[in-house]
Amino acid sequence: MATATPGGGVKSQATAPRASAGPGLGARSGSVALLVAWLAACGPPTVDARAVWIASERDKGGARTLTIYDAGRLVERELLPADPGPETDMLPLVVELDPRGQGALVRAGDGGWQHELGDSLGPLRAGYVDLAGERVLPLALPARLAPDATGFAPTGGALWWTAGCPAELQLVPLSPRVATPTAGDPAAVVPLAWPLPAGCAEVWGAVGAADAPVLFVLQGVPEDGFLRPGPGGHVLALRYPRPSEGYDAAPTLTELAAVRLPDVPLARTQRVRCVGGPGPSCGLGAVDPDGRAVSVGGADGSCRVWRWAVGEPEAACAVATDAPEWTDPSHLIAAISPRHYVFREGLVVRRYDHTTGEHDGRPLIGDTGELFTRVSADGRALLFVTTRGAALRVDEARLELLSAEQAPCVGGQPPVASPNARFAAWTCVSDTQDVGGVTAGEIVRVSSAGMERFQGVPMWALAIDDDGDLLLHSRDDQDFSLELLLPPAAPRNLYVLAADGELARVDALEPDPELMRGTGAAVFRWIAAQAL
């Protein structure tokens, strides 16, 4: 695999010369023009994020180039098809970054079945490109496994799927500190396997902890392409290998405990944290960030939220039917601590202590169609933000209104949020400015400093880090595809908007990126990005 590293940038907070023309763009509210700055002394600003895209040009053998933006570095890797041909060449690759931006799952597939792809080691069905460890793990996923039937653990330390009848959980550890033996021809990583108590693969799903290497594997009932918890279904709490230090030469899955769900009708919760895309397990249950308990919704009126703490002999009713009406399981967003649930009813967000019954809440101004929910990387905070500019952060300690300012946003994209859930950004269409004969775009960034608006060339936000530095790409125009939920034309240039308002081009994106698929149904992207 060839690599190219043209030199890294510097974090935008570093001291750098400012352009003499134009005012400084600090953290303040209001609409300002974008200032393009070339920081010759220190290099261009960077974002603590990784992004990947595939160049649209192929060589004679059908090889594609995977380009990686790695917090300022640009690296290229080659993807070789196992069987070049016109049909294979036309199919978009499935590319999905893990939740911590440590690597990317790359698969060949067209919705119902998959072709093989390969690299310099030979043909394979899929691969995990470890961006942090700079290696590739060849994966032998089960034949005809749908793209959304695989899932990343929320910590980014594992990739899992269920297979077979009787079913078993199969899991590949992704940490460079864990041994990954290979077998077969061509060689592929041998997954860790755990036999499941009953049923076939399609009735099993998994939900993970955001801040611990723990998965809860639940027996469910298929419903409208998703799983809902099954009455009396099995639940297993499994720990997967993800060492913080040292090296695990003999990794294993460890069962922490097992239980049966209550034998009553159960319901899915809101599908907010869907790691790796909206797969069948999305909304199956809510896991405490520390991995010590899982909660599922009740549907028969006897209990609103059932909770099983690892080590307890059975699940207990955590939210009874005499709790406030807004604690209906259809309003449950997440468990952000061992004590606190977050519910949302319309535009009203509430934090509920299920151990005491204490709660507080706050409404947001706007429309529910403009409201988005984002989860912090550790699962301990939620950010509710509207594309008009209102933003509310909720954690164990408080509800914090980050921004109350409102401004119209035409054609707003889904916001991106920082890992600490303290920054969010998105782009809008501006009908008040004109740049070179093209309708201008607008970038909106909100934080505890309020709302900032930047007008200039049309943009699309990709990722924002914990310092507020933003990775974007420019657009040819303001067109939007309802089929792709993306700008229909390939991106033009890759940019960084620094926390202090300076904009720098970091790559010309030549050749153009080609369209990629995500793991969820009807999920497409030109560039996949994730803040670190």
# chains A, B, ... in the order shown; residues from 1 in each chain; ligands from 1
call {"tool": "residues_around", "arguments": {"residues": "region 170-180 of chain A", "least_positions_apart": "3", "cutoff": "9 Å", "atoms": "only C-alpha atoms", "output": "PyMOL selection string"}}
result
chain A and resi 102-103+128+130+132-133+135+137+139+156-163+189-195+240-251+253
call {"tool": "residues_around", "arguments": {"residues": "Arg445 (chain A)", "least_positions_apart": "6", "cutoff": "8 Å", "atoms": "only C-alpha atoms", "output": "list in words"}}
result
Phe423, Ala424, Ala425, Trp426, Met451, Glu452 and Arg453 of chain A
call {"tool": "write_last_selection", "arguments": {"atoms": "N, CA and C atoms", "output": "tab-separated table (two decimals), in the first residue's frame"}}
result
chain	number	residue	atom	x	y	z
A	423	PHE	N	-19.93	21.77	20.84
A	423	PHE	CA	-19.95	22.53	19.59
A	423	PHE	C	-20.81	21.79	18.58
A	424	ALA	N	-21.50	22.55	17.75
A	424	ALA	CA	-22.23	21.98	16.63
A	424	ALA	C	-22.11	22.95	15.46
A	425	ALA	N	-22.19	22.41	14.25
A	425	ALA	CA	-22.08	23.25	13.06
A	425	ALA	C	-22.87	22.62	11.93
A	426	TRP	N	-23.33	23.49	11.01
A	426	TRP	CA	-24.05	23.02	9.84
A	426	TRP	C	-23.99	24.13	8.79
A	451	MET	N	-24.10	31.83	18.90
A	451	MET	CA	-24.17	31.42	17.50
A	451	MET	C	-23.31	32.33	16.64
A	452	GLU	N	-22.50	31.71	15.76
A	452	GLU	CA	-21.71	32.43	14.77
A	452	GLU	C	-22.21	32.04	13.38
A	453	ARG	N	-22.25	33.02	12.48
A	453	ARG	CA	-22.68	32.77	11.10
A	453	ARG	C	-21.64	33.36	10.16
call {"tool": "closest_atom_pairs", "arguments": {"of": "region 42-68 of chain A", "to": "region 457-464 of chain A", "cutoff": "9 Å", "atoms": "only C-alpha atoms", "output": "JSON lines"}}
result
{"residue": "A:Val47", "atom": "CA", "partner": "A:Ile464", "partner_atom": "CA", "distance": 7.1}
{"residue": "A:Asp48", "atom": "CA", "partner": "A:Ile464", "partner_atom": "CA", "distance": 7.9}
{"residue": "A:Ala49", "atom": "CA", "partner": "A:Ala463", "partner_atom": "CA", "distance": 6.8}
{"residue": "A:Arg50", "atom": "CA", "partner": "A:Ala463", "partner_atom": "CA", "distance": 8.5}
{"residue": "A:Ala51", "atom": "CA", "partner": "A:Leu462", "partner_atom": "CA", "distance": 8.3}
call {"tool": "write_last_selection", "arguments": {"atoms": "N, CA and C atoms", "output": "CSV table (one decimal), in the first residue's frame"}}
result
chain,number,residue,atom,x,y,z
A,47,VAL,N,-8.0,20.1,11.9
A,47,VAL,CA,-9.1,19.6,12.8
A,47,VAL,C,-8.8,18.3,13.3
A,48,ASP,N,-9.0,18.1,14.6
A,48,ASP,CA,-8.8,16.7,15.2
A,48,ASP,C,-9.9,15.8,14.7
A,49,ALA,N,-9.7,15.3,13.5
A,49,ALA,CA,-10.7,14.5,12.9
A,49,ALA,C,-10.0,13.6,11.8
A,50,ARG,N,-10.7,12.6,11.4
A,50,ARG,CA,-10.2,11.8,10.3
A,50,ARG,C,-11.4,11.7,9.3
A,51,ALA,N,-11.0,11.8,8.0
A,51,ALA,CA,-12.0,11.7,6.9
A,51,ALA,C,-11.4,10.8,5.8
call {"tool": "residues_around", "arguments": {"residues": "region 92-101 of chain A", "least_positions_apart": "3", "cutoff": "9 Å", "atoms": "only C-alpha atoms", "output": "PyMOL selection string"}}
result
chain A and resi 49-54+88-89+104-110+131-132+147+152-159+275-277+377+419+514-519+524-525+528-532
call {"tool": "write_last_selection", "arguments": {"atoms": "C-alpha atoms", "output": "mmCIF file, in the first residue's frame"}}
result
data_model
loop_
_atom_site.group_PDB
_atom_site.id
_atom_site.type_symbol
_atom_site.label_atom_id
_atom_site.label_comp_id
_atom_site.auth_asym_id
_atom_site.auth_seq_id
_atom_site.Cartn_x
_atom_site.Cartn_y
_atom_site.Cartn_z
ATOM 1 C CA ALA A 49 -10.693 14.480 12.864
ATOM 2 C CA ARG A 50 -10.244 11.769 10.287
ATOM 3 C CA ALA A 51 -11.982 11.719 6.923
ATOM 4 C CA VAL A 52 -11.866 9.253 4.041
ATOM 5 C CA TRP A 53 -12.949 9.398 0.411
ATOM 6 C CA ILE A 54 -12.398 7.392 -2.763
ATOM 7 C CA THR A 88 -18.128 -4.556 -10.214
ATOM 8 C CA ASP A 89 -16.585 -1.267 -11.281
ATOM 9 C CA ALA A 104 -13.013 2.471 8.451
ATOM 10 C CA LEU A 105 -14.977 -0.587 7.398
ATOM 11 C CA VAL A 106 -14.730 -1.007 3.619
ATOM 12 C CA ARG A 107 -17.043 -3.446 1.841
ATOM 13 C CA ALA A 108 -18.267 -4.179 -1.641
ATOM 14 C CA GLY A 109 -22.024 -4.407 -1.905
ATOM 15 C CA ASP A 110 -25.113 -3.218 -3.720
ATOM 16 C CA LEU A 131 -6.232 4.539 10.403
ATOM 17 C CA ALA A 132 -4.613 4.882 13.821
ATOM 18 C CA PRO A 147 -24.433 -3.916 4.932
ATOM 19 C CA PHE A 152 -19.437 -1.023 15.540
ATOM 20 C CA ALA A 153 -19.287 -1.022 19.312
ATOM 21 C CA PRO A 154 -19.847 2.587 20.458
ATOM 22 C CA THR A 155 -16.302 2.804 21.858
ATOM 23 C CA GLY A 156 -14.954 1.900 18.430
ATOM 24 C CA GLY A 157 -13.070 -1.096 19.798
ATOM 25 C CA ALA A 158 -14.930 -3.873 17.999
ATOM 26 C CA LEU A 159 -16.987 -4.823 14.955
ATOM 27 C CA VAL A 275 -23.469 3.481 15.788
ATOM 28 C CA GLY A 276 -22.475 2.563 12.248
ATOM 29 C CA GLY A 277 -25.845 3.495 10.772
ATOM 30 C CA ALA A 377 -18.489 10.306 22.480
ATOM 31 C CA PRO A 419 -17.152 14.607 20.728
ATOM 32 C CA GLU A 514 -16.787 9.178 -5.957
ATOM 33 C CA LEU A 515 -20.028 8.427 -4.161
ATOM 34 C CA MET A 516 -19.805 5.938 -1.280
ATOM 35 C CA ARG A 517 -22.452 4.036 0.627
ATOM 36 C CA GLY A 518 -22.889 3.957 4.379
ATOM 37 C CA THR A 519 -23.886 0.838 6.279
ATOM 38 C CA PHE A 524 -24.744 7.869 0.920
ATOM 39 C CA ARG A 525 -21.803 10.204 1.333
ATOM 40 C CA ALA A 528 -16.955 10.072 5.581
ATOM 41 C CA ALA A 529 -15.604 12.020 8.562
ATOM 42 C CA GLN A 530 -15.429 11.655 12.322
ATOM 43 C CA ALA A 531 -13.936 13.921 14.974
ATOM 44 C CA LEU A 532 -11.440 12.244 17.301
#
call {"tool": "closest_residue", "arguments": {"among": "A:Gly369, A:Pro142, A:Gly127, A:Gly468", "to": "Ser418 (chain A)", "atoms": "only C-alpha atoms"}}
result
A:Gly468
call {"tool": "residues_around", "arguments": {"residues": "region 213-223 of chain A", "least_positions_apart": "2", "cutoff": "7 Å", "atoms": "only C-alpha atoms", "output": "compact mmCIF listing (two decimals) with N, CA and C atoms, in the first residue's frame"}}
result
# COMPACT_ATOMS: atom_id res chain seq x y z
N THR A 155 -17.65 2.34 21.53
CA THR A 155 -16.30 2.80 21.86
C THR A 155 -15.37 2.70 20.67
N VAL A 203 -32.87 -12.84 14.79
CA VAL A 203 -33.64 -12.40 15.96
C VAL A 203 -32.73 -11.87 17.07
N TRP A 204 -31.45 -11.71 16.77
CA TRP A 204 -30.52 -11.23 17.78
C TRP A 204 -29.92 -9.88 17.36
N GLY A 205 -29.81 -8.99 18.34
CA GLY A 205 -29.16 -7.71 18.12
C GLY A 205 -28.28 -7.38 19.30
N ALA A 206 -27.53 -6.30 19.17
CA ALA A 206 -26.62 -5.90 20.24
C ALA A 206 -26.60 -4.39 20.37
N VAL A 207 -26.51 -3.92 21.60
CA VAL A 207 -26.33 -2.51 21.91
C VAL A 207 -25.16 -2.40 22.87
N GLY A 208 -24.35 -1.36 22.72
CA GLY A 208 -23.13 -1.27 23.49
C GLY A 208 -23.05 -0.06 24.39
N ALA A 209 -22.11 -0.13 25.33
CA ALA A 209 -21.82 1.00 26.21
C ALA A 209 -20.91 1.97 25.49
N GLY A 225 -38.26 -4.08 9.75
CA GLY A 225 -36.84 -3.91 9.47
C GLY A 225 -35.98 -3.66 10.69
N PHE A 226 -36.60 -3.58 11.87
CA PHE A 226 -35.87 -3.39 13.11
C PHE A 226 -36.17 -4.55 14.05
N LEU A 227 -35.50 -4.54 15.20
CA LEU A 227 -35.79 -5.49 16.26
C LEU A 227 -36.38 -4.75 17.44
N ARG A 228 -37.41 -5.31 18.04
CA ARG A 228 -37.85 -4.82 19.34
C ARG A 228 -37.57 -5.92 20.35
N PRO A 229 -37.35 -5.55 21.61
CA PRO A 229 -37.03 -6.57 22.61
C PRO A 229 -38.13 -7.63 22.69
N GLY A 230 -37.75 -8.89 22.76
CA GLY A 230 -38.71 -9.97 22.80
C GLY A 230 -39.17 -10.28 24.22
N GLY A 233 -37.24 -12.65 26.41
CA GLY A 233 -36.04 -12.92 25.62
C GLY A 233 -34.77 -12.94 26.46
N HIS A 234 -33.78 -13.62 25.92
CA HIS A 234 -32.48 -13.70 26.60
C HIS A 234 -31.71 -12.39 26.44
N VAL A 235 -30.93 -12.05 27.46
CA VAL A 235 -30.00 -10.93 27.41
C VAL A 235 -28.67 -11.40 27.99
N LEU A 236 -27.58 -11.14 27.26
CA LEU A 236 -26.25 -11.47 27.73
C LEU A 236 -25.41 -10.19 27.76
N ALA A 237 -24.67 -10.00 28.84
CA ALA A 237 -23.70 -8.91 28.93
C ALA A 237 -22.32 -9.50 28.69
N LEU A 238 -21.67 -9.06 27.61
CA LEU A 238 -20.36 -9.59 27.23
C LEU A 238 -19.32 -8.48 27.23
N ARG A 239 -18.15 -8.80 27.74
CA ARG A 239 -17.02 -7.87 27.67
C ARG A 239 -16.10 -8.32 26.53
N TYR A 240 -15.73 -7.37 25.67
CA TYR A 240 -14.82 -7.69 24.58
C TYR A 240 -13.45 -7.09 24.87
N ARG A 242 -10.33 -4.89 24.88
CA ARG A 242 -9.92 -3.54 24.47
C ARG A 242 -8.96 -3.00 25.53
N GLY A 291 -21.62 0.77 31.08
CA GLY A 291 -21.88 -0.61 30.73
C GLY A 291 -22.43 -1.48 31.83
call {"tool": "residues_around", "arguments": {"residues": "Thr269 (chain A)", "least_positions_apart": "6", "cutoff": "12 Å", "atoms": "only C-alpha atoms", "output": "JSON, numbers by chain"}}
result
{"A": [226, 227, 228, 229, 281, 282, 283, 284, 285, 286, 287, 294, 295, 296, 297, 298, 299, 304, 305, 306, 327, 328, 329, 330, 331, 332, 333, 334, 335, 341, 342, 343, 344]}
call {"tool": "atom_distance", "arguments": {"atom1": "CA of Trp526 (chain A)", "atom2": "CA of Ala490 (chain A)"}}
result
6.7 Å
call {"tool": "closest_residue", "arguments": {"among": "A:Leu364, A:Ala320, A:Leu471, A:Ala140", "to": "Asp70 (chain A)", "atoms": "only C-alpha atoms"}}
result
A:Leu471
call {"tool": "atom_distance", "arguments": {"atom1": "CA of Gln406 (chain A)", "atom2": "CA of Ala440 (chain A)"}}
result
19.9 Å
call {"tool": "closest_residue", "arguments": {"among": "A:Pro289, A:Arg362, A:Ala167, A:Leu383", "to": "Pro197 (chain A)", "atoms": "only C-alpha atoms"}}
result
A:Ala167
call {"tool": "select_by_dssp", "arguments": {"residues": "region 369-437 of chain A", "states": "strand (DSSP E)", "output": "PDB file with N, CA, C and O atoms, in the first residue's frame"}}
result
ATOM      1  N   LEU A 371     -35.132  19.906  14.475  1.00  0.00           N
ATOM      2  CA  LEU A 371     -34.422  19.521  15.693  1.00  0.00           C
ATOM      3  C   LEU A 371     -33.607  18.249  15.461  1.00  0.00           C
ATOM      4  O   LEU A 371     -34.099  17.268  14.903  1.00  0.00           O
ATOM      5  N   PHE A 372     -32.370  18.270  15.932  1.00  0.00           N
ATOM      6  CA  PHE A 372     -31.479  17.117  15.836  1.00  0.00           C
ATOM      7  C   PHE A 372     -30.894  16.814  17.214  1.00  0.00           C
ATOM      8  O   PHE A 372     -30.678  17.728  18.013  1.00  0.00           O
ATOM      9  N   THR A 373     -30.636  15.533  17.457  1.00  0.00           N
ATOM     10  CA  THR A 373     -30.058  15.090  18.718  1.00  0.00           C
ATOM     11  C   THR A 373     -28.699  14.472  18.451  1.00  0.00           C
ATOM     12  O   THR A 373     -28.565  13.614  17.575  1.00  0.00           O
ATOM     13  N   ARG A 374     -27.696  14.892  19.187  1.00  0.00           N
ATOM     14  CA  ARG A 374     -26.355  14.353  19.051  1.00  0.00           C
ATOM     15  C   ARG A 374     -25.852  13.905  20.427  1.00  0.00           C
ATOM     16  O   ARG A 374     -26.138  14.540  21.440  1.00  0.00           O
ATOM     17  N   VAL A 375     -25.101  12.796  20.438  1.00  0.00           N
ATOM     18  CA  VAL A 375     -24.616  12.195  21.684  1.00  0.00           C
ATOM     19  C   VAL A 375     -23.120  12.415  21.792  1.00  0.00           C
ATOM     20  O   VAL A 375     -22.394  12.283  20.797  1.00  0.00           O
ATOM     21  N   ALA A 381     -23.466  12.872  27.721  1.00  0.00           N
ATOM     22  CA  ALA A 381     -24.108  14.165  27.442  1.00  0.00           C
ATOM     23  C   ALA A 381     -24.847  14.069  26.117  1.00  0.00           C
ATOM     24  O   ALA A 381     -24.467  13.312  25.214  1.00  0.00           O
ATOM     25  N   LEU A 382     -25.926  14.849  26.011  1.00  0.00           N
ATOM     26  CA  LEU A 382     -26.701  14.956  24.782  1.00  0.00           C
ATOM     27  C   LEU A 382     -26.757  16.421  24.371  1.00  0.00           C
ATOM     28  O   LEU A 382     -26.838  17.316  25.215  1.00  0.00           O
ATOM     29  N   LEU A 383     -26.711  16.646  23.066  1.00  0.00           N
ATOM     30  CA  LEU A 383     -26.856  17.989  22.520  1.00  0.00           C
ATOM     31  C   LEU A 383     -28.090  18.009  21.633  1.00  0.00           C
ATOM     32  O   LEU A 383     -28.190  17.230  20.679  1.00  0.00           O
ATOM     33  N   PHE A 384     -29.035  18.883  21.960  1.00  0.00           N
ATOM     34  CA  PHE A 384     -30.230  19.087  21.150  1.00  0.00           C
ATOM     35  C   PHE A 384     -30.062  20.428  20.438  1.00  0.00           C
ATOM     36  O   PHE A 384     -29.849  21.453  21.083  1.00  0.00           O
ATOM     37  N   VAL A 385     -30.146  20.413  19.128  1.00  0.00           N
ATOM     38  CA  VAL A 385     -29.871  21.626  18.373  1.00  0.00           C
ATOM     39  C   VAL A 385     -30.842  21.730  17.206  1.00  0.00           C
ATOM     40  O   VAL A 385     -31.182  20.728  16.569  1.00  0.00           O
ATOM     41  N   THR A 386     -31.335  22.945  16.963  1.00  0.00           N
ATOM     42  CA  THR A 386     -32.174  23.201  15.795  1.00  0.00           C
ATOM     43  C   THR A 386     -31.361  23.971  14.772  1.00  0.00           C
ATOM     44  O   THR A 386     -30.438  24.714  15.133  1.00  0.00           O
ATOM     45  N   ALA A 391     -29.640  25.694  20.933  1.00  0.00           N
ATOM     46  CA  ALA A 391     -28.870  24.510  21.314  1.00  0.00           C
ATOM     47  C   ALA A 391     -28.939  24.314  22.824  1.00  0.00           C
ATOM     48  O   ALA A 391     -28.717  25.249  23.598  1.00  0.00           O
ATOM     49  N   LEU A 392     -29.226  23.085  23.232  1.00  0.00           N
ATOM     50  CA  LEU A 392     -29.354  22.738  24.648  1.00  0.00           C
ATOM     51  C   LEU A 392     -28.513  21.497  24.913  1.00  0.00           C
ATOM     52  O   LEU A 392     -28.646  20.485  24.215  1.00  0.00           O
ATOM     53  N   ARG A 393     -27.644  21.570  25.905  1.00  0.00           N
ATOM     54  CA  ARG A 393     -26.802  20.435  26.285  1.00  0.00           C
ATOM     55  C   ARG A 393     -27.284  19.875  27.626  1.00  0.00           C
ATOM     56  O   ARG A 393     -27.536  20.628  28.561  1.00  0.00           O
ATOM     57  N   VAL A 394     -27.371  18.555  27.696  1.00  0.00           N
ATOM     58  CA  VAL A 394     -27.849  17.892  28.911  1.00  0.00           C
ATOM     59  C   VAL A 394     -26.793  16.892  29.364  1.00  0.00           C
ATOM     60  O   VAL A 394     -26.339  16.054  28.565  1.00  0.00           O
ATOM     61  N   ASP A 395     -26.413  16.954  30.624  1.00  0.00           N
ATOM     62  CA  ASP A 395     -25.565  15.917  31.201  1.00  0.00           C
ATOM     63  C   ASP A 395     -26.076  15.601  32.597  1.00  0.00           C
ATOM     64  O   ASP A 395     -27.156  16.051  33.005  1.00  0.00           O
ATOM     65  N   LEU A 399     -28.990  20.994  32.758  1.00  0.00           N
ATOM     66  CA  LEU A 399     -29.413  21.349  31.407  1.00  0.00           C
ATOM     67  C   LEU A 399     -28.821  22.724  31.124  1.00  0.00           C
ATOM     68  O   LEU A 399     -29.090  23.681  31.844  1.00  0.00           O
ATOM     69  N   GLU A 400     -28.013  22.818  30.079  1.00  0.00           N
ATOM     70  CA  GLU A 400     -27.289  24.052  29.782  1.00  0.00           C
ATOM     71  C   GLU A 400     -27.716  24.572  28.417  1.00  0.00           C
ATOM     72  O   GLU A 400     -27.540  23.904  27.394  1.00  0.00           O
ATOM     73  N   LEU A 401     -28.284  25.778  28.394  1.00  0.00           N
ATOM     74  CA  LEU A 401     -28.669  26.405  27.136  1.00  0.00           C
ATOM     75  C   LEU A 401     -27.417  27.031  26.515  1.00  0.00           C
ATOM     76  O   LEU A 401     -26.911  28.035  26.995  1.00  0.00           O
ATOM     77  N   LEU A 402     -26.907  26.405  25.442  1.00  0.00           N
ATOM     78  CA  LEU A 402     -25.699  26.919  24.808  1.00  0.00           C
ATOM     79  C   LEU A 402     -26.001  28.124  23.933  1.00  0.00           C
ATOM     80  O   LEU A 402     -25.205  29.065  23.858  1.00  0.00           O
ATOM     81  N   SER A 403     -27.123  28.085  23.243  1.00  0.00           N
ATOM     82  CA  SER A 403     -27.457  29.168  22.333  1.00  0.00           C
ATOM     83  C   SER A 403     -28.967  29.351  22.307  1.00  0.00           C
ATOM     84  O   SER A 403     -29.713  28.381  22.168  1.00  0.00           O
ATOM     85  N   VAL A 416     -23.319  18.581  12.499  1.00  0.00           N
ATOM     86  CA  VAL A 416     -22.268  17.739  13.066  1.00  0.00           C
ATOM     87  C   VAL A 416     -21.939  18.304  14.440  1.00  0.00           C
ATOM     88  O   VAL A 416     -22.040  19.514  14.669  1.00  0.00           O
ATOM     89  N   ALA A 417     -21.553  17.422  15.373  1.00  0.00           N
ATOM     90  CA  ALA A 417     -21.290  17.843  16.743  1.00  0.00           C
ATOM     91  C   ALA A 417     -19.919  17.353  17.182  1.00  0.00           C
ATOM     92  O   ALA A 417     -19.409  16.341  16.684  1.00  0.00           O
ATOM     93  N   ALA A 424     -21.497  22.553  17.752  1.00  0.00           N
ATOM     94  CA  ALA A 424     -22.230  21.980  16.625  1.00  0.00           C
ATOM     95  C   ALA A 424     -22.108  22.950  15.457  1.00  0.00           C
ATOM     96  O   ALA A 424     -21.925  24.159  15.637  1.00  0.00           O
ATOM     97  N   ALA A 425     -22.192  22.406  14.249  1.00  0.00           N
ATOM     98  CA  ALA A 425     -22.084  23.250  13.063  1.00  0.00           C
ATOM     99  C   ALA A 425     -22.870  22.624  11.927  1.00  0.00           C
ATOM    100  O   ALA A 425     -23.063  21.411  11.873  1.00  0.00           O
ATOM    101  N   TRP A 426     -23.332  23.485  11.012  1.00  0.00           N
ATOM    102  CA  TRP A 426     -24.052  23.024   9.838  1.00  0.00           C
ATOM    103  C   TRP A 426     -23.994  24.129   8.786  1.00  0.00           C
ATOM    104  O   TRP A 426     -23.480  25.224   9.049  1.00  0.00           O
ATOM    105  N   THR A 427     -24.496  23.845   7.598  1.00  0.00           N
ATOM    106  CA  THR A 427     -24.489  24.840   6.531  1.00  0.00           C
ATOM    107  C   THR A 427     -25.910  25.121   6.068  1.00  0.00           C
ATOM    108  O   THR A 427     -26.801  24.282   6.194  1.00  0.00           O
ATOM    109  N   CYS A 428     -26.109  26.305   5.533  1.00  0.00           N
ATOM    110  CA  CYS A 428     -27.402  26.751   5.018  1.00  0.00           C
ATOM    111  C   CYS A 428     -27.201  27.359   3.636  1.00  0.00           C
ATOM    112  O   CYS A 428     -26.081  27.628   3.206  1.00  0.00           O
ATOM    113  N   VAL A 429     -28.306  27.599   2.967  1.00  0.00           N
ATOM    114  CA  VAL A 429     -28.306  28.331   1.706  1.00  0.00           C
ATOM    115  C   VAL A 429     -28.597  29.792   2.023  1.00  0.00           C
ATOM    116  O   VAL A 429     -29.513  30.093   2.785  1.00  0.00           O
ATOM    117  N   SER A 430     -27.811  30.693   1.466  1.00  0.00           N
ATOM    118  CA  SER A 430     -28.048  32.121   1.683  1.00  0.00           C
ATOM    119  C   SER A 430     -28.659  32.732   0.424  1.00  0.00           C
ATOM    120  O   SER A 430     -28.144  32.543  -0.674  1.00  0.00           O
ATOM    121  N   ASP A 431     -29.768  33.427   0.563  1.00  0.00           N
ATOM    122  CA  ASP A 431     -30.386  34.092  -0.588  1.00  0.00           C
ATOM    123  C   ASP A 431     -30.128  35.594  -0.572  1.00  0.00           C
ATOM    124  O   ASP A 431     -30.765  36.359  -1.293  1.00  0.00           O
ATOM    125  N   THR A 432     -29.186  36.013   0.260  1.00  0.00           N
ATOM    126  CA  THR A 432     -28.915  37.447   0.372  1.00  0.00           C
ATOM    127  C   THR A 432     -27.544  37.825  -0.173  1.00  0.00           C
ATOM    128  O   THR A 432     -27.227  38.994  -0.268  1.00  0.00           O
ATOM    129  N   GLN A 433     -26.716  36.842  -0.500  1.00  0.00           N
ATOM    130  CA  GLN A 433     -25.366  37.124  -0.956  1.00  0.00           C
ATOM    131  C   GLN A 433     -25.136  36.460  -2.305  1.00  0.00           C
ATOM    132  O   GLN A 433     -25.774  35.471  -2.651  1.00  0.00           O
ATOM    133  N   ASP A 434     -24.186  36.979  -3.054  1.00  0.00           N
ATOM    134  CA  ASP A 434     -23.837  36.400  -4.345  1.00  0.00           C
ATOM    135  C   ASP A 434     -22.320  36.419  -4.476  1.00  0.00           C
ATOM    136  O   ASP A 434     -21.688  37.453  -4.257  1.00  0.00           O
ATOM    137  N   VAL A 435     -21.734  35.257  -4.783  1.00  0.00           N
ATOM    138  CA  VAL A 435     -20.289  35.151  -4.915  1.00  0.00           C
ATOM    139  C   VAL A 435     -19.980  34.671  -6.322  1.00  0.00           C
ATOM    140  O   VAL A 435     -20.246  33.524  -6.665  1.00  0.00           O
TER     141      VAL A 435
END
